[in-house]
Amino acid sequence: MHVEIPYTPRELQAKLHDDLDKYRFAVLACHRRFGKTVCMLNHLIRAALQNTLVNPRYAYIAPTYKQAKSIAWDYMKMFAGAIPTTRFNETELRCDLPNGARITLLSSEQPDSLRGLALDGVVIDEVAQIEPKLWNEIIRPALSDRKGFAYMKIH
């Protein structure tokens with residue numbers, strides 16, 4: 001199935017997509033207005049659609065719920081909404097893709113509430129504002145079973 005979403009990466013975003021495919025973990029230090037959120041949400045959507053494992057799970061984690069909703073949710077609906085039969089759960093800030101993959105927008109406000117997740121990939125926004133416990137004790141173990149990726153945005 002061929003899917004087109006309304007996203008055309010800028011030159012540096014396209015390079016970033018290509019470069020990230022080579023790495024499991026990365027820290028992104030890009031200038032303001034680079035379009036990191038748009039770029040990374042589309043990277044998650046592509047990864048989720050291309051994943052052939054059963055029930056792929058991805059997350060975008062912001063420092064607060066309010067940030068996840070105000071910064072990323074409308075973009076998620078805009079880009080993934082172009083994919084036929086995609087469903088959105090407004091209450092859970094969750095996008096269910098037609099192949100069974102799921103992308104959820106989460107916050108790091110209560111790190112222990114994220115325990116038990118199994119993830120194929122994650123983007124952590126404003127990683128400097130997130131307590132280290134989230135990565136060390138919760139997210140890294142959540143990625144271990146399926147060798148998922150993690151990209152951390154700064155600035």
# chains A, B, ... in the order shown; residues from 1 in each chain; ligands from 1
>>> residues_around(residues="range 59-75 of chain A", least_positions_apart="2", cutoff="9 Å", atoms="only C-alpha atoms", output="PyMOL selection string")
chain A and resi 37-38+40-41+44+57+77-80+90+93-94+102-109+119-127+129-130
>>> write_last_selection(atoms="N, CA and C atoms", output="tab-separated table (two decimals), in the first residue's frame")
chain	number	residue	atom	x	y	z
A	37	THR	N	9.81	19.15	15.68
A	37	THR	CA	8.60	18.42	16.05
A	37	THR	C	7.95	17.80	14.82
A	38	VAL	N	7.76	18.60	13.79
A	38	VAL	CA	7.16	18.09	12.54
A	38	VAL	C	8.00	16.97	11.96
A	40	MET	N	10.17	14.96	13.48
A	40	MET	CA	10.19	13.75	14.31
A	40	MET	C	8.84	13.04	14.34
A	41	LEU	N	7.74	13.77	14.30
A	41	LEU	CA	6.44	13.12	14.23
A	41	LEU	C	6.31	12.33	12.93
A	44	LEU	N	8.30	9.21	13.19
A	44	LEU	CA	7.56	8.19	13.94
A	44	LEU	C	6.47	7.55	13.08
A	57	ARG	N	4.54	-0.12	18.69
A	57	ARG	CA	4.18	0.96	19.61
A	57	ARG	C	5.27	2.03	19.61
A	77	LYS	N	-2.42	14.77	13.99
A	77	LYS	CA	-3.70	14.58	13.29
A	77	LYS	C	-3.61	15.02	11.83
A	78	MET	N	-2.88	16.09	11.58
A	78	MET	CA	-2.75	16.59	10.21
A	78	MET	C	-2.02	15.58	9.33
A	79	PHE	N	-0.89	15.08	9.80
A	79	PHE	CA	-0.10	14.19	8.97
A	79	PHE	C	-0.66	12.77	8.92
A	80	ALA	N	-0.94	12.18	10.05
A	80	ALA	CA	-1.46	10.81	10.07
A	80	ALA	C	-2.91	10.75	9.60
A	90	GLU	N	-8.77	11.19	21.18
A	90	GLU	CA	-8.46	12.52	21.72
A	90	GLU	C	-8.12	12.47	23.20
A	93	LEU	N	-4.62	10.98	23.49
A	93	LEU	CA	-3.66	11.52	22.52
A	93	LEU	C	-2.96	10.37	21.79
A	94	ARG	N	-3.79	9.52	21.19
A	94	ARG	CA	-3.29	8.31	20.56
A	94	ARG	C	-3.75	8.23	19.11
A	102	ARG	N	0.63	1.96	16.75
A	102	ARG	CA	0.06	3.01	17.58
A	102	ARG	C	1.15	4.00	17.95
A	103	ILE	N	0.80	5.29	17.87
A	103	ILE	CA	1.69	6.36	18.32
A	103	ILE	C	0.92	7.13	19.38
A	104	THR	N	1.53	7.26	20.55
A	104	THR	CA	0.87	7.96	21.65
A	104	THR	C	1.72	9.14	22.08
A	105	LEU	N	1.07	10.27	22.32
A	105	LEU	CA	1.75	11.43	22.87
A	105	LEU	C	1.63	11.35	24.38
A	106	LEU	N	2.77	11.43	25.05
A	106	LEU	CA	2.83	11.26	26.50
A	106	LEU	C	3.54	12.43	27.15
A	107	SER	N	3.43	12.50	28.47
A	107	SER	CA	4.19	13.51	29.20
A	107	SER	C	5.08	12.81	30.21
A	108	SER	N	6.10	13.53	30.64
A	108	SER	CA	7.03	12.97	31.62
A	108	SER	C	6.73	13.47	33.03
A	109	GLU	N	5.58	14.09	33.21
A	109	GLU	CA	5.24	14.67	34.51
A	109	GLU	C	5.21	13.63	35.62
A	119	LEU	N	8.11	-0.37	23.72
A	119	LEU	CA	8.17	0.60	22.63
A	119	LEU	C	9.12	0.15	21.52
A	120	ASP	N	8.71	0.48	20.30
A	120	ASP	CA	9.56	0.25	19.13
A	120	ASP	C	10.35	1.51	18.78
A	121	GLY	N	9.90	2.63	19.29
A	121	GLY	CA	10.60	3.88	19.05
A	121	GLY	C	9.99	4.99	19.87
A	122	VAL	N	10.83	5.97	20.21
A	122	VAL	CA	10.37	7.10	21.02
A	122	VAL	C	11.13	8.36	20.64
A	123	VAL	N	10.44	9.48	20.71
A	123	VAL	CA	11.06	10.78	20.60
A	123	VAL	C	10.80	11.47	21.92
A	124	ILE	N	11.87	11.96	22.54
A	124	ILE	CA	11.74	12.69	23.81
A	124	ILE	C	12.03	14.16	23.52
A	125	ASP	N	11.03	14.98	23.72
A	125	ASP	CA	11.14	16.41	23.45
A	125	ASP	C	11.68	17.13	24.67
A	126	GLU	N	12.52	18.14	24.44
A	126	GLU	CA	13.09	18.94	25.53
A	126	GLU	C	13.67	18.04	26.62
A	127	VAL	N	14.56	17.17	26.22
A	127	VAL	CA	15.10	16.15	27.12
A	127	VAL	C	15.77	16.75	28.36
A	129	GLN	N	14.63	18.95	30.22
A	129	GLN	CA	13.59	19.23	31.22
A	129	GLN	C	13.01	17.96	31.83
A	130	ILE	N	13.54	16.83	31.46
A	130	ILE	CA	13.00	15.55	31.91
A	130	ILE	C	13.98	14.91	32.88
>>> select_by_dssp(residues="chain A", states="helix (DSSP H, G or I)", output="PyMOL selection string")
chain A and resi 11-20+36-50+65-80+111-114+127-129+132-144
>>> closest_atom_pairs(of="range 31-133 of chain A", to="range 15-20 of chain A", cutoff="10 Å", atoms="only C-alpha atoms", output="JSON lines")
{"residue": "A:Lys36", "atom": "CA", "partner": "A:Leu16", "partner_atom": "CA", "distance": 9.7}
{"residue": "A:Cys39", "atom": "CA", "partner": "A:His17", "partner_atom": "CA", "distance": 7.8}
{"residue": "A:Met40", "atom": "CA", "partner": "A:His17", "partner_atom": "CA", "distance": 8.4}
{"residue": "A:Asn42", "atom": "CA", "partner": "A:His17", "partner_atom": "CA", "distance": 9.2}
{"residue": "A:His43", "atom": "CA", "partner": "A:His17", "partner_atom": "CA", "distance": 6.8}
